[in-house]
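The next block holds one structure in the form of structure tokens; read it before the comments.
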Amino acid sequence: MTREAAYCFAADLGGTKLAAAMADARGQIVAELTEPTDPRGAAHVAEQIAACASKLAQTVGMKVTHARHVMVGIPGAIDPRTSRVSLVPNIPGLENFDILGFLRDRFGPDAAIDNDVNLAMLGERAQGCASQCRNAAFLALGTGVGLGLLIDDKLFRGASGSAGEIADLPIGRDPTSHIPSTSGAFELEVGSLAIVERYRRQGGTAATTVRDIFRLLEQGDEVAASVLDTTARWVALAVVSLQSLLDLELIVFGGSIGVRPELYERVQRALPGLFSRPIAIAPSRLGDRAGLVGAAWAAAQALAHPSSPVPGGR
Amino acid sequence: MTLPVPLPPVTSVTRQLSRRSVFEALLHRSPISRADLAKVTGLSKQTMSEVIDAFGQQGLVRQVGRTSGNVGRTALLYELSPEGGHVLGIDLGARRLTVALADIAGRVLAETDEPTDNRGGAWALDQIARLSDRLTRDNHTHLSRIRSIVLATPGVVNPRSGAIEMSPNITGLGHLNVVALLGEKLGSPVVIENDINLALLGEIWHGCAQNVANVAFLALGSGVGLGLYANGQLVRGENGAAGEIAYLPLGGDPLQAESRLQGCLEYQVGATGVLRRYREAGGSEVDSVIQVFERAQVGDPIAAQVIGETARLTGLAAAAVIAMVDPQLIVLGGSVGARPDFADQVARLLLQLSPRQVEIRTSTLGRRAGVVGALSVALSRLHDAFFGVSELAASLPLPPPAHGSARQ
């Protein structure tokens with residue numbers, strides 16, 4: 001085996017940006033780049049991923065055909081049987097595009113895809129704040145919400161690949177009310193749209209994005225503070241649910257909203273009042289690189305243990 | 001590049017693996033001839049004869065007649081002998097103590113139960129010893145011949161002190177080294193496991209969850225709890241507290257003192273919660289949840305409303321389980337959960353409460369689930385002790401109940 005053959009290619013596909021990296025056989029990233037995601041949709045995005053691999057191969061001084069182990073993080077759910085991608089709101093056409101088939105065509109049969117939040121969990125396990133953990137979660141809070149679960153040091157996927165669908169947690173609205181919670185109850189309370197909507201409902205006028213709300217908070221805006229208090233309370237209730245079901249060692253907060261100290265510190269303050277035992281939460285150490293680091297690590301794992309079960313793997 | 005790895009002592013591992021595969025074939029295919037054993041295991045007739053002879057000397061196998069119906073010579077048939085060893089399963093509930101005896105082949109030989117000594121503590125442990133001693137003697141064996149014992153109990157065993165914690169319904173166990181004391185009284189080491197986890201394993205071995213790899217067991221009775229089984233293993237959590245769904249923030253104000261103490265969900269749906277809500281809604285005096293169900297059945301609207309709300313909250317808990325754990329099957333158990341009328345209501349409500357649906361079944365073993373699960377773990381531990389091969393992490397699969405449950 002030549003030295004070059006042991007390289008891995010990793011990518012983390014997001015709605016607005018695409019991050020890609022070349023890593024060595026241990027999953028250590030040796031070169032990486034970030035580009036805005038091609039807005040023209042799935043086929044163009046797929047070509048963009050392949051082009052990133054070529055650029056990175058050149059940087060490292062290898063042939064792109066030597067990147068036989070490939071892992072791409074996808075912002076959506078992946079059916080473990082068919083590898084079909086669903087719930088991808090940000091990339092037009094990806095749900096009807098055989099992304100795995102494309103990657104295997106270009107990189108060989110060892111190319112694989114996985115959910116981006118699962119990969120972020122692996123990233124924090126490999127090189128981030130969950131490096132000592134066997135039971136942990138990565139909670140991504142941003143436009144939407146997502147959760148990656150690590151149980152007994154393995155990604156936990158459930159019977160149909162839908163474990164950790166935290167958007168569907170029946171935590172939302174007034175839990176004492178008799179209105180039945182419905183699908184996506186939790187996401188409807190803490191997704192970015194819900195936060196902005198809450199700001200408007202409470203009489204705020206100056207914000208159209210969550211970023212605005214964080215900025216107003218710094219300037220002492222009381223509505224912004226109240227909106228974040230309420231949001232943090234819902235998040236804290238979800239954390240309590242997660243902890244009572246799975247008894248985790250650490251819950252890592254990620255995503256554009258989740259990593260903000262203004263949010264997770266509020267959650268941290270709310271938790272002791274809600275649960276009799278301590279719950280450990282921490283902001284992602286790798287930030288928006290968590291998914292990419294996890295993808296590189298997963299690709300290297302597949303290289304080392306060719307039978308490890310990864311959806312869309314083998 | 002790679003350094004030469006010292007080879008393991010091949011002969012002994014090979015012999016271990018041969019013995020293990022012959023035992024597994026006997027466990028699942030008895031009665032069986034030597035020729036068929038050789039066919040099933042792929043071992044040579046020579047090796048097979050050696051293993052069977054060794055098993056015979058250990059009292060592990062016995063002859064049970066000959067093949068018939070075929071032309072030509074008939075062959076001797078073998079099965080696992082009950083002399084190979086017995087195991088005990090014990091379920092120490094707040095109200096009832098159950099002890100069951102099985103042999104190494106997984107045949108449930110006998111089972112007995114009586115009301116738990118309500119003085120708790122050392123009295124309950126004495127009661128366990130007395131009942132176990134009687135059950136073994138009545139079945140022509142003796143405590144000294146028991147090779148593996150598993151005790152099901154509410155709460156969690158503290159691995160350092162051996163005490164059973166978080167078990168408010170049985171008094172006096174929080175300060176005793178139950179593991180050591182019971183081991184002494186019964187004459188062999190006792191493994192203690194949470195009763196809901198064991199009820200789940202009981203349903204997987206003999207009940208409604210056979211051959212399902214991802215199952216959640218939701219128990220509702222005096223309290224509420226959850227057992228999780230995923231990819232063929234119990235999910236225990238970092239501190240053994242996975243499935244403590246009493247603390248799910250559903251049904252009440254999670255900031256209330258009672259919620260923090262007893263758990264928000266359990267404060268509403270536990271037995272005392274159901275009775276409290278019935279009383280607060282103006283219901284007449286009752287002293288058990290069963291009575292509230294009976295009132296609901298004869299048209300008491302307050303009772304029906306209270307039961308309906310209990311079913312709705314149980315449905316919300318099931319929806320949370322589906323969202324986070326994604327099981328194939330949810331088994332409803334416990335004195336309230338296993339009631340078919342209640343389970344029907346939960347399943348109906350779940351259609352609205354959860355965007356994803358999974359099958360709901362009621363426990364088929366009822367209050368036997370815990371003791372059957374205790375037997376299954378005791379058996380697996382015995383099999384591992386005899387035939388565990390360190391290279392193989394998994395225990396031998398247990399034989400299905402059809403294999404002959406002498407009790408029925």
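By convention in this document, the chains of the structure tokens carry letters A, B, ... by their order, each chain's residues are numbered from 1, and ligands are numbered from 1 in the order they are shown.
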For the interface of chain A with chain B (cut-off 8 Å, counting only C-alpha atoms), please tabulate each contacting residue of chain A alongside its nearest pair of atoms and their separation in Å to one decimal, rows sorted by chain and increasing number, as a Markdown table.
```
| residue | atom | partner | partner_atom | distance |
| --- | --- | --- | --- | --- |
| A:Arg134 | CA | B:Glu238 | CA | 7.8 |
| A:Asn135 | CA | B:Glu238 | CA | 6.2 |
| A:Ile151 | CA | B:Gly237 | CA | 7.7 |
| A:Arg157 | CA | B:Asp326 | CA | 7.8 |
| A:Gly158 | CA | B:Asp326 | CA | 4.7 |
| A:Ala159 | CA | B:Pro327 | CA | 5.4 |
| A:Ser160 | CA | B:Asp326 | CA | 6.7 |
| A:Gly161 | CA | B:Asp326 | CA | 7.5 |
| A:Ser162 | CA | B:Asp326 | CA | 5.8 |
| A:Ala163 | CA | B:Val325 | CA | 4.7 |
| A:Gly164 | CA | B:Met324 | CA | 4.2 |
| A:Glu165 | CA | B:Ala323 | CA | 5.0 |
| A:Ile166 | CA | B:Ala323 | CA | 6.2 |
| A:Ala167 | CA | B:Ala323 | CA | 8.0 |
| A:Asp168 | CA | B:Ala323 | CA | 5.7 |
| A:Leu169 | CA | B:Ala320 | CA | 5.3 |
| A:Pro170 | CA | B:Ala320 | CA | 6.0 |
| A:Ile171 | CA | B:Leu250 | CA | 7.7 |
| A:Pro175 | CA | B:Gly251 | CA | 5.8 |
| A:Thr176 | CA | B:Gly252 | CA | 5.1 |
| A:Pro180 | CA | B:Leu353 | CA | 6.2 |
| A:Ser181 | CA | B:Leu353 | CA | 5.9 |
| A:Thr182 | CA | B:Leu353 | CA | 5.5 |
| A:Ser183 | CA | B:Pro355 | CA | 5.0 |
| A:Leu237 | CA | B:Pro249 | CA | 6.5 |
| A:Val240 | CA | B:Leu248 | CA | 6.9 |
| A:Ser241 | CA | B:Leu248 | CA | 5.1 |
| A:Leu242 | CA | B:Met324 | CA | 7.5 |
| A:Gln243 | CA | B:Ala242 | CA | 7.7 |
| A:Ser244 | CA | B:Glu244 | CA | 5.1 |
| A:Leu245 | CA | B:Gly243 | CA | 4.5 |
| A:Leu246 | CA | B:Ala242 | CA | 4.4 |
| A:Asp247 | CA | B:Gly237 | CA | 4.6 |
| A:Leu248 | CA | B:Glu238 | CA | 5.6 |
| A:Glu249 | CA | B:Glu238 | CA | 5.9 |
| A:Gly273 | CA | B:Leu255 | CA | 6.0 |
| A:Leu274 | CA | B:Leu255 | CA | 5.6 |
| A:Phe275 | CA | B:Arg260 | CA | 5.9 |
| A:Ser276 | CA | B:Arg260 | CA | 6.0 |
```
Problem set entry | Residue contacts of Glu265 in chain A (12 Å, only C-alpha atoms) excluding same-chain residues fewer than 3 positions away, as JSON, numbers by chain | {"A": [228, 229, 232, 233, 235, 236, 253, 258, 259, 260, 261, 262, 268, 269, 270, 271, 280, 281, 282, 283]}
Take the selection from the previous step and output its residues with N, CA and C atoms, as an mmCIF file, in the first residue's frame.
```cif
data_model
loop_
_atom_site.group_PDB
_atom_site.id
_atom_site.type_symbol
_atom_site.label_atom_id
_atom_site.label_comp_id
_atom_site.auth_asym_id
_atom_site.auth_seq_id
_atom_site.Cartn_x
_atom_site.Cartn_y
_atom_site.Cartn_z
ATOM 1 N N LEU A 228 -34.964 35.232 24.721
ATOM 2 C CA LEU A 228 -33.944 34.204 24.926
ATOM 3 C C LEU A 228 -34.209 33.397 26.194
ATOM 4 N N ASP A 229 -34.741 34.049 27.234
ATOM 5 C CA ASP A 229 -35.111 33.315 28.453
ATOM 6 C C ASP A 229 -36.120 32.222 28.123
ATOM 7 N N ALA A 232 -34.557 29.468 26.009
ATOM 8 C CA ALA A 232 -33.659 28.645 26.818
ATOM 9 C C ALA A 232 -34.450 27.689 27.702
ATOM 10 N N ARG A 233 -35.622 28.156 28.155
ATOM 11 C CA ARG A 233 -36.439 27.288 29.005
ATOM 12 C C ARG A 233 -36.924 26.070 28.224
ATOM 13 N N VAL A 235 -35.457 24.785 25.608
ATOM 14 C CA VAL A 235 -34.289 23.941 25.349
ATOM 15 C C VAL A 235 -33.955 23.135 26.608
ATOM 16 N N ALA A 236 -34.042 23.793 27.766
ATOM 17 C CA ALA A 236 -33.737 23.101 29.025
ATOM 18 C C ALA A 236 -34.696 21.930 29.240
ATOM 19 N N PHE A 253 -23.552 21.459 22.930
ATOM 20 C CA PHE A 253 -24.402 22.408 22.213
ATOM 21 C C PHE A 253 -23.678 22.914 20.975
ATOM 22 N N GLY A 258 -26.973 27.378 19.082
ATOM 23 C CA GLY A 258 -26.565 26.564 20.225
ATOM 24 C C GLY A 258 -25.217 26.951 20.814
ATOM 25 N N VAL A 259 -24.290 27.432 19.975
ATOM 26 C CA VAL A 259 -22.955 27.759 20.500
ATOM 27 C C VAL A 259 -22.904 29.126 21.180
ATOM 28 N N ARG A 260 -23.987 29.910 21.062
ATOM 29 C CA ARG A 260 -23.949 31.253 21.665
ATOM 30 C C ARG A 260 -24.003 31.140 23.198
ATOM 31 N N PRO A 261 -23.005 31.689 23.889
ATOM 32 C CA PRO A 261 -23.026 31.626 25.359
ATOM 33 C C PRO A 261 -24.286 32.263 25.944
ATOM 34 N N GLU A 262 -24.831 33.290 25.249
ATOM 35 C CA GLU A 262 -26.052 33.927 25.754
ATOM 36 C C GLU A 262 -27.176 32.897 25.883
ATOM 37 N N GLN A 268 -28.042 26.449 31.111
ATOM 38 C CA GLN A 268 -27.297 25.918 32.251
ATOM 39 C C GLN A 268 -27.901 26.393 33.576
ATOM 40 N N ARG A 269 -28.303 27.666 33.607
ATOM 41 C CA ARG A 269 -28.884 28.204 34.838
ATOM 42 C C ARG A 269 -30.252 27.589 35.121
ATOM 43 N N ALA A 270 -30.992 27.241 34.055
ATOM 44 C CA ALA A 270 -32.356 26.713 34.249
ATOM 45 C C ALA A 270 -32.352 25.257 34.728
ATOM 46 N N LEU A 271 -31.320 24.497 34.384
ATOM 47 C CA LEU A 271 -31.352 23.048 34.607
ATOM 48 C C LEU A 271 -31.489 22.607 36.075
ATOM 49 N N ALA A 280 -24.543 17.702 32.629
ATOM 50 C CA ALA A 280 -23.399 18.400 32.044
ATOM 51 C C ALA A 280 -23.707 18.816 30.613
ATOM 52 N N ILE A 281 -23.625 20.126 30.360
ATOM 53 C CA ILE A 281 -23.717 20.602 28.983
ATOM 54 C C ILE A 281 -22.487 21.446 28.698
ATOM 55 N N ALA A 282 -22.090 21.534 27.433
ATOM 56 C CA ALA A 282 -20.923 22.332 27.066
ATOM 57 C C ALA A 282 -21.076 22.792 25.631
ATOM 58 N N PRO A 283 -20.537 23.979 25.318
ATOM 59 C CA PRO A 283 -20.594 24.406 23.921
ATOM 60 C C PRO A 283 -19.596 23.599 23.092
#
```
Problem set entry | Spatial neighbours of range 373-385 of chain B, max dist 6 Å, only C-alpha atoms, sep filter under 4 positions, as a list in words |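 Returned residues: Gly89, Ser148, Ile149, Val150, Leu198, Ala199, Leu201 and Gly202 of chain B.
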Would you export the selected residues with N, CA and C atoms as a PDB file, in the first residue's frame, please?
```pdb
ATOM      1  N   GLY B  89     -34.215 -17.232  39.486  1.00  0.00           N
ATOM      2  CA  GLY B  89     -34.619 -15.856  39.221  1.00  0.00           C
ATOM      3  C   GLY B  89     -35.509 -15.400  40.355  1.00  0.00           C
ATOM      4  N   SER B 148     -26.260 -19.846  39.437  1.00  0.00           N
ATOM      5  CA  SER B 148     -26.373 -18.452  39.015  1.00  0.00           C
ATOM      6  C   SER B 148     -27.694 -17.895  39.535  1.00  0.00           C
ATOM      7  N   ILE B 149     -27.645 -16.717  40.157  1.00  0.00           N
ATOM      8  CA  ILE B 149     -28.853 -16.123  40.747  1.00  0.00           C
ATOM      9  C   ILE B 149     -28.955 -14.654  40.320  1.00  0.00           C
ATOM     10  N   VAL B 150     -30.141 -14.279  39.847  1.00  0.00           N
ATOM     11  CA  VAL B 150     -30.364 -12.873  39.497  1.00  0.00           C
ATOM     12  C   VAL B 150     -31.612 -12.388  40.225  1.00  0.00           C
ATOM     13  N   LEU B 198     -35.370  -6.064  33.621  1.00  0.00           N
ATOM     14  CA  LEU B 198     -35.561  -7.510  33.575  1.00  0.00           C
ATOM     15  C   LEU B 198     -36.927  -7.884  32.997  1.00  0.00           C
ATOM     16  N   ALA B 199     -37.954  -7.085  33.295  1.00  0.00           N
ATOM     17  CA  ALA B 199     -39.269  -7.353  32.694  1.00  0.00           C
ATOM     18  C   ALA B 199     -39.154  -7.274  31.170  1.00  0.00           C
ATOM     19  N   LEU B 201     -36.426  -7.886  29.404  1.00  0.00           N
ATOM     20  CA  LEU B 201     -35.719  -9.084  28.937  1.00  0.00           C
ATOM     21  C   LEU B 201     -36.623 -10.319  29.025  1.00  0.00           C
ATOM     22  N   GLY B 202     -37.531 -10.329  30.008  1.00  0.00           N
ATOM     23  CA  GLY B 202     -38.506 -11.416  30.110  1.00  0.00           C
ATOM     24  C   GLY B 202     -39.410 -11.450  28.880  1.00  0.00           C
TER      25      GLY B 202
END
```
For this session: Could you please determine the separation between CA of Ile204 in chain B and CA of Leu27 in chain B in Å, to one decimal place?
Result: 17.5 Å
Exercise. Could you name the residues that touch Gly76 in chain A at 6 Å or less, counting only C-alpha atoms, but leaving out those on the same chain fewer than 4 positions away, as a ChimeraX atom specification?
Worked result: /A:86-88
